[in-house]
>>> print(open('data.cif').read())   # mmCIF, C-alpha atoms and all ligand atoms
data_data
#
loop_
_atom_site.label_atom_id
_atom_site.label_comp_id
_atom_site.auth_asym_id
_atom_site.auth_seq_id
_atom_site.Cartn_x
_atom_site.Cartn_y
_atom_site.Cartn_z
CA MET K 86 -50.60 32.02 11.05
CA LEU K 87 -50.94 30.66 7.52
CA SER K 88 -47.51 31.99 6.58
CA SER K 89 -45.83 29.25 8.67
CA VAL K 90 -47.62 26.44 6.80
CA THR K 91 -45.69 24.67 4.04
CA PRO K 92 -47.71 24.99 0.79
CA ILE K 93 -49.42 21.71 -0.14
CA ARG K 94 -48.25 21.96 -3.76
CA GLN K 95 -44.62 22.12 -2.70
CA LEU K 96 -44.94 18.99 -0.58
CA THR K 97 -46.64 17.15 -3.44
CA ASP K 98 -43.88 18.02 -5.91
CA ASP K 99 -41.15 17.12 -3.41
CA PHE K 100 -42.55 13.65 -2.82
CA GLU K 101 -43.19 13.00 -6.52
CA ASN K 102 -39.58 13.92 -7.33
CA ARG K 103 -38.30 11.67 -4.57
CA PHE K 104 -40.29 8.66 -5.79
CA ARG K 105 -39.18 9.32 -9.39
CA THR K 106 -35.52 9.38 -8.44
CA GLY K 107 -35.77 6.57 -5.90
CA ASP K 108 -34.78 8.90 -3.03
CA THR K 109 -37.14 7.17 -0.57
CA PRO K 110 -35.02 5.88 2.35
CA TRP K 111 -38.15 5.33 4.47
CA GLU K 112 -39.50 2.66 2.10
CA ASP K 113 -39.18 -0.68 3.83
CA PRO K 114 -39.63 -3.78 1.63
CA HIS K 115 -41.39 -5.44 4.57
CA PRO K 116 -44.64 -4.39 6.24
CA TRP K 117 -44.20 -2.43 9.47
CA ALA K 118 -43.24 -4.98 12.17
CA GLY K 119 -46.19 -4.41 14.51
CA LEU K 120 -48.87 -4.22 11.81
CA ASP K 121 -50.54 -7.65 12.15
CA LYS K 122 -50.77 -7.59 15.96
CA LEU K 123 -52.05 -4.02 16.10
CA PHE K 124 -54.84 -4.64 13.62
CA GLU K 125 -55.71 -7.93 15.29
CA ARG K 126 -56.37 -5.86 18.44
CA PHE K 127 -58.28 -2.96 16.90
CA ALA K 128 -59.93 -4.24 13.71
CA SER K 129 -62.36 -7.01 12.98
CA SER K 130 -62.89 -8.83 9.72
CA GLY K 131 -64.26 -6.50 7.02
CA THR K 132 -63.06 -3.31 8.77
CA SER K 133 -62.44 -0.52 6.25
CA ILE K 134 -58.98 1.05 6.35
CA LEU K 135 -57.61 4.15 4.62
CA ASP K 136 -53.79 4.18 4.46
CA VAL K 137 -52.89 7.87 4.09
CA GLY K 138 -49.52 8.46 2.41
CA CYS K 139 -49.27 4.79 1.49
CA GLY K 140 -46.13 5.18 -0.66
CA LEU K 141 -45.43 1.96 -2.57
CA GLY K 142 -48.29 0.27 -0.72
CA THR K 143 -46.37 -2.28 1.35
CA ASN K 144 -48.54 -1.88 4.46
CA ALA K 145 -51.81 -1.48 2.54
CA LEU K 146 -51.12 -4.71 0.64
CA ARG K 147 -50.37 -6.55 3.88
CA LEU K 148 -53.65 -5.30 5.37
CA ALA K 149 -55.52 -6.46 2.26
CA THR K 150 -53.89 -9.88 2.67
CA LEU K 151 -55.27 -9.96 6.24
CA GLY K 152 -58.81 -9.59 4.84
CA TYR K 153 -59.54 -5.91 5.49
CA ARG K 154 -61.12 -3.55 2.96
CA VAL K 155 -58.26 -1.24 2.13
CA ARG K 156 -57.62 1.91 0.11
CA GLY K 157 -54.18 3.52 -0.07
CA ILE K 158 -53.83 7.15 -1.13
CA ASP K 159 -50.69 9.11 -1.88
CA VAL K 160 -49.86 12.46 -3.47
CA SER K 161 -47.18 10.82 -5.62
CA GLN K 162 -48.47 9.47 -8.94
CA THR K 163 -45.27 7.45 -9.36
CA ALA K 164 -45.72 5.79 -5.95
CA ILE K 165 -49.34 4.91 -6.74
CA GLU K 166 -48.47 3.46 -10.16
CA LYS K 167 -45.86 1.23 -8.51
CA ALA K 168 -48.31 0.20 -5.78
CA ILE K 169 -50.88 -0.77 -8.44
CA THR K 170 -48.27 -2.84 -10.30
CA ARG K 171 -47.40 -4.66 -7.07
CA ARG K 172 -51.06 -5.24 -6.24
CA ASN K 173 -51.75 -6.67 -9.70
CA ALA K 174 -48.72 -8.96 -9.47
CA ALA K 175 -49.93 -10.22 -6.08
CA GLY K 176 -53.54 -10.59 -7.26
CA LEU K 177 -54.86 -8.72 -4.22
CA ASP K 178 -58.03 -6.68 -3.75
CA CYS K 179 -56.74 -3.28 -2.64
CA GLU K 180 -57.60 0.14 -4.06
CA PHE K 181 -54.87 2.71 -4.74
CA LEU K 182 -55.58 6.33 -5.66
CA CYS K 183 -53.35 9.30 -6.30
CA ALA K 184 -54.91 11.84 -3.93
CA ASN K 185 -54.09 14.51 -1.38
CA ILE K 186 -55.68 14.09 2.05
CA PHE K 187 -56.08 17.89 2.27
CA THR K 188 -58.31 18.19 -0.78
CA GLY K 189 -61.39 16.40 -2.10
CA ASP K 190 -63.71 13.84 -0.55
CA HIS K 191 -62.05 10.65 0.69
CA GLY K 192 -65.16 8.93 2.03
CA ASN K 193 -65.77 7.52 5.48
CA TRP K 194 -63.57 4.88 7.09
CA ASP K 195 -63.43 2.74 10.24
CA ILE K 196 -59.66 3.16 10.62
CA VAL K 197 -57.08 5.54 9.18
CA PHE K 198 -53.51 4.23 9.18
CA ASP K 199 -50.43 6.28 8.45
CA ARG K 200 -46.78 5.44 8.78
CA GLY K 201 -44.61 8.49 8.43
CA CYS K 202 -47.14 10.90 6.96
CA LEU K 203 -47.99 12.99 10.05
CA HIS K 204 -44.37 13.24 11.14
CA GLY K 205 -43.32 14.62 7.73
CA PHE K 206 -45.05 17.93 8.42
CA ALA K 207 -42.47 20.21 9.94
CA ASP K 208 -44.66 22.61 11.90
CA THR K 209 -47.41 22.44 14.50
CA SER K 210 -50.12 24.01 12.35
CA SER K 211 -49.53 21.66 9.39
CA ARG K 212 -49.67 18.62 11.69
CA ALA K 213 -52.91 19.91 13.26
CA ARG K 214 -54.33 20.46 9.78
CA PHE K 215 -53.36 16.88 8.86
CA ALA K 216 -55.05 15.53 12.02
CA LEU K 217 -58.22 17.47 11.19
CA SER K 218 -58.21 15.97 7.68
CA VAL K 219 -57.88 12.51 9.20
CA ALA K 220 -60.83 13.25 11.52
CA THR K 221 -63.03 14.25 8.57
CA VAL K 222 -62.62 10.84 6.88
CA LEU K 223 -63.40 8.90 10.08
CA GLN K 224 -66.81 8.34 11.55
CA PRO K 225 -67.15 9.49 15.20
CA GLY K 226 -65.53 6.74 17.25
CA GLY K 227 -63.32 5.72 14.31
CA LEU K 228 -59.64 5.05 15.00
CA TRP K 229 -56.46 6.65 13.72
CA ILE K 230 -53.34 4.49 13.98
CA ASP K 231 -50.23 6.62 13.49
CA ILE K 232 -46.58 5.55 13.34
CA SER K 233 -44.39 8.63 13.77
CA GLY K 234 -40.65 8.99 14.30
CA SER K 235 -39.87 9.61 17.96
CA ASN K 236 -37.32 11.80 19.73
CA GLU K 237 -36.79 9.06 22.33
CA ASN K 238 -33.55 7.80 20.80
CA ALA K 239 -30.46 6.79 22.73
CA GLU K 240 -28.26 8.54 20.19
CA SER K 241 -25.98 11.53 20.38
CA PRO K 242 -27.18 15.00 19.34
CA ASP K 243 -24.58 14.83 16.50
CA ILE K 244 -26.15 11.70 15.01
CA ILE K 245 -29.63 13.09 15.44
CA GLN K 246 -28.59 16.21 13.54
CA LYS K 247 -26.69 14.29 10.85
CA LEU K 248 -29.52 11.87 10.04
CA ALA K 249 -32.18 14.59 10.19
CA LEU K 250 -34.98 12.04 10.58
CA PRO K 251 -38.42 13.35 11.52
CA ARG K 252 -38.77 13.03 15.30
CA LEU K 253 -41.84 14.16 17.19
CA THR K 254 -42.22 14.76 20.91
CA LEU K 255 -45.23 13.67 22.92
CA ALA K 256 -46.18 17.35 23.09
CA ASP K 257 -46.10 17.49 19.27
CA LEU K 258 -48.51 14.54 19.10
CA ALA K 259 -50.85 16.09 21.66
CA ALA K 260 -50.81 19.44 19.86
CA ALA K 261 -51.82 17.75 16.61
CA THR K 262 -54.40 15.29 17.88
CA GLU K 263 -56.02 16.49 21.10
CA SER K 264 -58.76 18.73 19.67
CA ASN K 265 -60.35 16.04 17.58
CA PHE K 266 -59.04 12.76 19.02
CA GLU K 267 -59.09 10.97 22.36
CA THR K 268 -55.78 9.20 22.96
CA ILE K 269 -56.30 5.46 23.47
CA GLU K 270 -52.60 4.70 23.84
CA ILE K 271 -49.16 5.85 22.75
CA ARG K 272 -46.36 3.30 22.95
CA GLN K 273 -42.73 3.27 21.99
CA GLY K 274 -41.97 1.10 18.97
CA VAL K 275 -39.61 0.86 16.03
CA PHE K 276 -40.04 2.80 12.82
CA GLY K 277 -38.69 -0.12 10.85
CA MET K 278 -35.93 1.13 8.59
CA MET K 279 -32.27 2.17 8.72
CA PRO K 280 -31.17 -0.90 10.71
CA ASP K 281 -27.88 0.71 11.83
CA THR K 282 -29.64 3.38 13.83
CA ASP K 283 -31.94 3.23 16.78
CA PHE K 284 -34.77 5.11 15.10
CA ARG K 285 -37.73 4.69 17.35
CA ALA K 286 -41.37 5.47 16.71
CA TRP K 287 -44.42 6.53 18.63
CA VAL K 288 -47.21 4.09 17.93
CA GLY K 289 -50.34 6.13 18.60
CA ILE K 290 -53.94 4.98 18.68
CA TYR K 291 -56.48 7.81 18.70
CA ARG K 292 -60.27 7.76 18.67
CA ARG K 293 -62.16 10.48 16.82
CA ARG K 294 -64.17 12.69 19.15
CA LYS K 295 -67.74 13.77 18.43
CA PHE K 296 -66.71 17.43 18.77
CA ASP K 297 -63.62 19.62 19.16
CA ILE K 298 -62.94 19.26 22.91
CA LEU K 299 -60.45 22.12 23.17
CA ALA K 300 -62.82 24.62 21.54
CA VAL K 301 -65.65 23.58 23.89
CA SER K 302 -63.62 23.36 27.10
CA SER K 303 -62.08 26.79 26.52
CA GLN K 304 -65.61 28.22 26.80
CA TYR K 305 -66.23 26.53 30.16
CA ASN K 306 -62.81 26.78 31.81
CA MET K 307 -62.99 27.74 35.48
CA THR K 308 -61.60 31.19 36.16
CA SER K 309 -60.84 32.74 39.53
CA GLU K 310 -63.90 34.94 38.95
CA ASN K 311 -66.48 32.20 38.59
CA LEU K 312 -64.91 30.14 41.39
CA SER K 313 -65.40 32.89 43.96
C1 LIG N 1 -42.37 9.03 4.81
S1 LIG N 1 -43.39 8.55 3.45
C2 LIG N 1 -44.14 7.07 4.11
C3 LIG N 1 -44.64 6.14 3.02
C4 LIG N 1 -45.31 4.85 3.53
N1 LIG N 1 -46.42 5.14 4.44
C5 LIG N 1 -44.33 3.96 4.23
O1 LIG N 1 -44.57 3.54 5.36
O2 LIG N 1 -43.30 3.62 3.63
C6 LIG N 1 -44.74 9.71 3.53
C7 LIG N 1 -45.72 9.51 2.39
O3 LIG N 1 -46.82 10.40 2.54
C8 LIG N 1 -47.19 10.91 1.26
N2 LIG N 1 -47.89 12.18 1.49
C9 LIG N 1 -47.37 13.33 1.97
N3 LIG N 1 -48.30 14.27 2.07
C10 LIG N 1 -49.48 13.70 1.68
C11 LIG N 1 -50.82 14.18 1.57
N4 LIG N 1 -51.11 15.44 1.86
N5 LIG N 1 -51.78 13.32 1.14
C12 LIG N 1 -51.45 12.04 0.80
N6 LIG N 1 -50.19 11.55 0.86
C13 LIG N 1 -49.22 12.36 1.31
C14 LIG N 1 -45.86 11.04 0.52
O4 LIG N 1 -45.98 11.10 -0.87
C15 LIG N 1 -45.12 9.79 1.01
O5 LIG N 1 -45.37 8.67 0.20
#
>>> encode(input="data.cif", output="C-alpha cells")
Amino acid sequence: MLSSVTPIRQLTDDFENRFRTGDTPWEDPHPWAGLDKLFERFASSGTSILDVGCGLGTNALRLATLGYRVRGIDVSQTAIEKAITRRNAAGLDCEFLCANIFTGDHGNWDIVFDRGCLHGFADTSSRARFALSVATVLQPGGLWIDISGSNENAESPDIIQKLALPRLTLADLAAATESNFETIEIRQGVFGMMPDTDFRAWVGIYRRRKFDILAVSSQYNMTSENLS
C-alpha cells in the first residue's frame, strides 16, 4: 500500500519551508514540562539520547544540561542551524545534525525521544514506518519516549476541526508501535503549547523488542482446527 504513504521528500520540503518562514506554532521556548522527571525515571547519568525531529533543539539542549549524551536530528537545515547557534551561545555539549530518520545510519542509542514527530505522519503505514526506523537505532531493550498529540480533549468537534492539530488515538499508537515495541506505559499529559486550548498529549514509553512479535505470533495463532 505504498501509494498511501506521503513521500519523504515532500515532508522534508514542507518542514524546511515552515522553519524558514517561522510557521512553527509547535515550537515552545521552554523544554517540554515533564522532561526532567521522565528522564530521571528512565535514564541514568551518561545515557545516550537521540532526539528525532528535534526542531530548534529546546528539549535536546535541556537533556544535555542534565548531563546526558545527546544528538538531535531534523530534516530541516534551517532548524538545525538555529539549534547549533543556540547550543554555541549556551556553551553546551550537544550534537545537531541535519538528517532524515528514514535514510542513512543514525547509530545505536539507549533512548530515542521525540516530541511531535510521530504524530505528524498522517497515515498508519507512515507511522509504522517511523516506529520501525526508531527501532533500528535502538539496541534491544532500548527505550522510545514519544510525546504525541492526543484525541482525549474536552473540546468541541468544531474547535478540533478548526485547530487541525495532530491527534492520535490509543489504537493509532498501538498500530505504530506494537510490532517492534513493548508498551511500558502510556499516560495522559500536556503537549505544551497553545495555552488557550486544552491540547493534551499521550506520553508513551516503549521498549524495543528483540523481534517483531506480530509477525511471529501470527504464525502460531490458535485456530479452531488446531484446538480440536
Ligand atoms: C512538530 S515538529 C516538533 C519539533 C520539536 N521536537 C519540538 O518539540 O518542538 C516535528 C519535527 O520533526 C521533524 N521531522 C519530520 N520528519 C522527520 C524525519 N523523517 N526525520 C527527522 N526529522 C523529521 C520536522 O522537521 C520538525 O522539526
>>> closest_residue(input="data.cif", among="K:Arg212, K:Lys167, K:Arg154, K:Arg272", to="Ser235 (chain K)", atoms="all atoms listed in the file")
K:Arg272
>>> residues_near_ligand(input="data.cif", ligand="ligand LIG 1 (chain N)", cutoff="7 Å", atoms="only C-alpha atoms and all ligand atoms", output="mmCIF file with C-alpha atoms, in the coordinates of the input")
data_model
loop_
_atom_site.group_PDB
_atom_site.id
_atom_site.type_symbol
_atom_site.label_atom_id
_atom_site.label_comp_id
_atom_site.auth_asym_id
_atom_site.auth_seq_id
_atom_site.Cartn_x
_atom_site.Cartn_y
_atom_site.Cartn_z
ATOM 1 C CA ILE K 93 -49.420 21.710 -0.140
ATOM 2 C CA LEU K 96 -44.940 18.990 -0.580
ATOM 3 C CA THR K 97 -46.640 17.150 -3.440
ATOM 4 C CA PHE K 100 -42.550 13.650 -2.820
ATOM 5 C CA GLU K 101 -43.190 13.000 -6.520
ATOM 6 C CA TRP K 111 -38.150 5.330 4.470
ATOM 7 C CA GLU K 112 -39.500 2.660 2.100
ATOM 8 C CA ASP K 113 -39.180 -0.680 3.830
ATOM 9 C CA VAL K 137 -52.890 7.870 4.090
ATOM 10 C CA GLY K 138 -49.520 8.460 2.410
ATOM 11 C CA CYS K 139 -49.270 4.790 1.490
ATOM 12 C CA GLY K 140 -46.130 5.180 -0.660
ATOM 13 C CA LEU K 141 -45.430 1.960 -2.570
ATOM 14 C CA GLY K 142 -48.290 0.270 -0.720
ATOM 15 C CA ASN K 144 -48.540 -1.880 4.460
ATOM 16 C CA ILE K 158 -53.830 7.150 -1.130
ATOM 17 C CA ASP K 159 -50.690 9.110 -1.880
ATOM 18 C CA VAL K 160 -49.860 12.460 -3.470
ATOM 19 C CA SER K 161 -47.180 10.820 -5.620
ATOM 20 C CA ALA K 164 -45.720 5.790 -5.950
ATOM 21 C CA ALA K 184 -54.910 11.840 -3.930
ATOM 22 C CA ASN K 185 -54.090 14.510 -1.380
ATOM 23 C CA ILE K 186 -55.680 14.090 2.050
ATOM 24 C CA PHE K 187 -56.080 17.890 2.270
ATOM 25 C CA ASP K 199 -50.430 6.280 8.450
ATOM 26 C CA ARG K 200 -46.780 5.440 8.780
ATOM 27 C CA GLY K 201 -44.610 8.490 8.430
ATOM 28 C CA CYS K 202 -47.140 10.900 6.960
ATOM 29 C CA GLY K 205 -43.320 14.620 7.730
#
>>> closest_residue(input="data.cif", among="K:Asp108, K:Asp195, K:Asp231, K:Asp136", to="Thr268 (chain K)", atoms="all atoms listed in the file")
K:Asp231
>>> atom_distance(input="data.cif", atom1="CA of Gly189 (chain K)", atom2="CA of Val222 (chain K)")
10.6 Å
>>> atom_distance(input="data.cif", atom1="CA of Ile290 (chain K)", atom2="CA of Trp229 (chain K)")
5.8 Å
>>> residues_around(input="data.cif", residues="Arg156 (chain K)", least_positions_apart="2", cutoff="7 Å", atoms="only C-alpha atoms", output="compact mmCIF listing (two decimals) with C-alpha atoms, keeping the file's coordinate frame")
# COMPACT_ATOMS: atom_id res chain seq x y z
CA ILE K 134 -58.98 1.05 6.35
CA LEU K 135 -57.61 4.15 4.62
CA ASP K 136 -53.79 4.18 4.46
CA ILE K 158 -53.83 7.15 -1.13
CA CYS K 179 -56.74 -3.28 -2.64
CA GLU K 180 -57.60 0.14 -4.06
CA PHE K 181 -54.87 2.71 -4.74
>>> atom_distance(input="data.cif", atom1="CA of Ile271 (chain K)", atom2="CA of Val288 (chain K)")
5.5 Å
>>> closest_residue(input="data.cif", among="K:Ile165, K:Leu228, K:Ala261, K:Ala118", to="Met278 (chain K)", atoms="only C-alpha atoms")
K:Ala118
>>> closest_residue(input="data.cif", among="K:Cys183, K:Arg172, K:Thr163, K:Leu148", to="Lys122 (chain K)", atoms="only C-alpha atoms")
K:Leu148
>>> build_atoms(input="data.cif", residues="region 91-124 of chain K", atoms="N, CA and C atoms", output="PDB file, in the coordinates of the input")
ATOM      1  N   THR K  91     -46.333  25.002   5.306  1.00  0.00           N
ATOM      2  CA  THR K  91     -45.690  24.670   4.040  1.00  0.00           C
ATOM      3  C   THR K  91     -46.767  24.483   2.969  1.00  0.00           C
ATOM      4  N   PRO K  92     -46.660  25.144   1.811  1.00  0.00           N
ATOM      5  CA  PRO K  92     -47.710  24.990   0.790  1.00  0.00           C
ATOM      6  C   PRO K  92     -47.876  23.536   0.379  1.00  0.00           C
ATOM      7  N   ILE K  93     -49.132  23.112   0.219  1.00  0.00           N
ATOM      8  CA  ILE K  93     -49.420  21.710  -0.140  1.00  0.00           C
ATOM      9  C   ILE K  93     -48.748  21.346  -1.451  1.00  0.00           C
ATOM     10  N   ARG K  94     -48.802  22.247  -2.430  1.00  0.00           N
ATOM     11  CA  ARG K  94     -48.250  21.960  -3.760  1.00  0.00           C
ATOM     12  C   ARG K  94     -46.770  21.606  -3.676  1.00  0.00           C
ATOM     13  N   GLN K  95     -46.059  22.354  -2.837  1.00  0.00           N
ATOM     14  CA  GLN K  95     -44.620  22.120  -2.700  1.00  0.00           C
ATOM     15  C   GLN K  95     -44.347  20.721  -2.151  1.00  0.00           C
ATOM     16  N   LEU K  96     -45.127  20.332  -1.150  1.00  0.00           N
ATOM     17  CA  LEU K  96     -44.940  18.990  -0.580  1.00  0.00           C
ATOM     18  C   LEU K  96     -45.211  17.920  -1.637  1.00  0.00           C
ATOM     19  N   THR K  97     -46.270  18.119  -2.421  1.00  0.00           N
ATOM     20  CA  THR K  97     -46.640  17.150  -3.440  1.00  0.00           C
ATOM     21  C   THR K  97     -45.501  16.968  -4.429  1.00  0.00           C
ATOM     22  N   ASP K  98     -44.968  18.083  -4.926  1.00  0.00           N
ATOM     23  CA  ASP K  98     -43.880  18.020  -5.910  1.00  0.00           C
ATOM     24  C   ASP K  98     -42.642  17.364  -5.313  1.00  0.00           C
ATOM     25  N   ASP K  99     -42.327  17.705  -4.070  1.00  0.00           N
ATOM     26  CA  ASP K  99     -41.150  17.120  -3.410  1.00  0.00           C
ATOM     27  C   ASP K  99     -41.261  15.605  -3.379  1.00  0.00           C
ATOM     28  N   PHE K 100     -42.409  15.103  -2.934  1.00  0.00           N
ATOM     29  CA  PHE K 100     -42.550  13.650  -2.820  1.00  0.00           C
ATOM     30  C   PHE K 100     -42.534  12.980  -4.195  1.00  0.00           C
ATOM     31  N   GLU K 101     -43.185  13.588  -5.175  1.00  0.00           N
ATOM     32  CA  GLU K 101     -43.190  13.000  -6.520  1.00  0.00           C
ATOM     33  C   GLU K 101     -41.753  12.893  -7.049  1.00  0.00           C
ATOM     34  N   ASN K 102     -40.984  13.956  -6.871  1.00  0.00           N
ATOM     35  CA  ASN K 102     -39.580  13.920  -7.330  1.00  0.00           C
ATOM     36  C   ASN K 102     -38.796  12.829  -6.616  1.00  0.00           C
ATOM     37  N   ARG K 103     -39.049  12.672  -5.338  1.00  0.00           N
ATOM     38  CA  ARG K 103     -38.300  11.670  -4.570  1.00  0.00           C
ATOM     39  C   ARG K 103     -38.653  10.257  -5.035  1.00  0.00           C
ATOM     40  N   PHE K 104     -39.927   9.999  -5.309  1.00  0.00           N
ATOM     41  CA  PHE K 104     -40.290   8.660  -5.790  1.00  0.00           C
ATOM     42  C   PHE K 104     -39.732   8.422  -7.191  1.00  0.00           C
ATOM     43  N   ARG K 105     -39.711   9.477  -8.024  1.00  0.00           N
ATOM     44  CA  ARG K 105     -39.180   9.320  -9.390  1.00  0.00           C
ATOM     45  C   ARG K 105     -37.704   8.978  -9.383  1.00  0.00           C
ATOM     46  N   THR K 106     -36.972   9.593  -8.454  1.00  0.00           N
ATOM     47  CA  THR K 106     -35.520   9.380  -8.440  1.00  0.00           C
ATOM     48  C   THR K 106     -35.113   8.252  -7.486  1.00  0.00           C
ATOM     49  N   GLY K 107     -36.073   7.666  -6.820  1.00  0.00           N
ATOM     50  CA  GLY K 107     -35.770   6.570  -5.900  1.00  0.00           C
ATOM     51  C   GLY K 107     -35.158   7.043  -4.583  1.00  0.00           C
ATOM     52  N   ASP K 108     -35.332   8.343  -4.275  1.00  0.00           N
ATOM     53  CA  ASP K 108     -34.780   8.900  -3.030  1.00  0.00           C
ATOM     54  C   ASP K 108     -35.812   8.727  -1.902  1.00  0.00           C
ATOM     55  N   THR K 109     -36.074   7.476  -1.538  1.00  0.00           N
ATOM     56  CA  THR K 109     -37.140   7.170  -0.570  1.00  0.00           C
ATOM     57  C   THR K 109     -36.589   6.234   0.524  1.00  0.00           C
ATOM     58  N   PRO K 110     -35.676   6.750   1.359  1.00  0.00           N
ATOM     59  CA  PRO K 110     -35.020   5.880   2.350  1.00  0.00           C
ATOM     60  C   PRO K 110     -35.980   5.268   3.363  1.00  0.00           C
ATOM     61  N   TRP K 111     -37.184   5.858   3.506  1.00  0.00           N
ATOM     62  CA  TRP K 111     -38.150   5.330   4.470  1.00  0.00           C
ATOM     63  C   TRP K 111     -38.856   4.070   3.975  1.00  0.00           C
ATOM     64  N   GLU K 112     -38.764   3.800   2.658  1.00  0.00           N
ATOM     65  CA  GLU K 112     -39.500   2.660   2.100  1.00  0.00           C
ATOM     66  C   GLU K 112     -38.856   1.356   2.571  1.00  0.00           C
ATOM     67  N   ASP K 113     -39.635   0.584   3.283  1.00  0.00           N
ATOM     68  CA  ASP K 113     -39.180  -0.680   3.830  1.00  0.00           C
ATOM     69  C   ASP K 113     -39.794  -1.780   2.962  1.00  0.00           C
ATOM     70  N   PRO K 114     -39.027  -2.736   2.459  1.00  0.00           N
ATOM     71  CA  PRO K 114     -39.630  -3.780   1.630  1.00  0.00           C
ATOM     72  C   PRO K 114     -40.602  -4.674   2.405  1.00  0.00           C
ATOM     73  N   HIS K 115     -40.505  -4.607   3.746  1.00  0.00           N
ATOM     74  CA  HIS K 115     -41.390  -5.440   4.570  1.00  0.00           C
ATOM     75  C   HIS K 115     -42.450  -4.573   5.244  1.00  0.00           C
ATOM     76  N   PRO K 116     -43.634  -5.147   5.488  1.00  0.00           N
ATOM     77  CA  PRO K 116     -44.640  -4.390   6.240  1.00  0.00           C
ATOM     78  C   PRO K 116     -44.093  -3.979   7.606  1.00  0.00           C
ATOM     79  N   TRP K 117     -44.639  -2.904   8.152  1.00  0.00           N
ATOM     80  CA  TRP K 117     -44.200  -2.430   9.470  1.00  0.00           C
ATOM     81  C   TRP K 117     -44.375  -3.575  10.501  1.00  0.00           C
ATOM     82  N   ALA K 118     -43.339  -3.776  11.335  1.00  0.00           N
ATOM     83  CA  ALA K 118     -43.240  -4.980  12.170  1.00  0.00           C
ATOM     84  C   ALA K 118     -44.451  -5.243  13.061  1.00  0.00           C
ATOM     85  N   GLY K 119     -45.088  -4.176  13.568  1.00  0.00           N
ATOM     86  CA  GLY K 119     -46.190  -4.410  14.510  1.00  0.00           C
ATOM     87  C   GLY K 119     -47.566  -4.455  13.860  1.00  0.00           C
ATOM     88  N   LEU K 120     -47.594  -4.419  12.526  1.00  0.00           N
ATOM     89  CA  LEU K 120     -48.870  -4.220  11.810  1.00  0.00           C
ATOM     90  C   LEU K 120     -49.922  -5.298  12.135  1.00  0.00           C
ATOM     91  N   ASP K 121     -49.546  -6.566  11.990  1.00  0.00           N
ATOM     92  CA  ASP K 121     -50.540  -7.650  12.150  1.00  0.00           C
ATOM     93  C   ASP K 121     -51.156  -7.630  13.547  1.00  0.00           C
ATOM     94  N   LYS K 122     -50.278  -7.522  14.561  1.00  0.00           N
ATOM     95  CA  LYS K 122     -50.770  -7.590  15.960  1.00  0.00           C
ATOM     96  C   LYS K 122     -51.674  -6.410  16.275  1.00  0.00           C
ATOM     97  N   LEU K 123     -51.275  -5.225  15.799  1.00  0.00           N
ATOM     98  CA  LEU K 123     -52.050  -4.020  16.100  1.00  0.00           C
ATOM     99  C   LEU K 123     -53.457  -4.114  15.500  1.00  0.00           C
ATOM    100  N   PHE K 124     -53.528  -4.563  14.256  1.00  0.00           N
ATOM    101  CA  PHE K 124     -54.840  -4.640  13.620  1.00  0.00           C
ATOM    102  C   PHE K 124     -55.670  -5.800  14.165  1.00  0.00           C
TER     103      PHE K 124
END
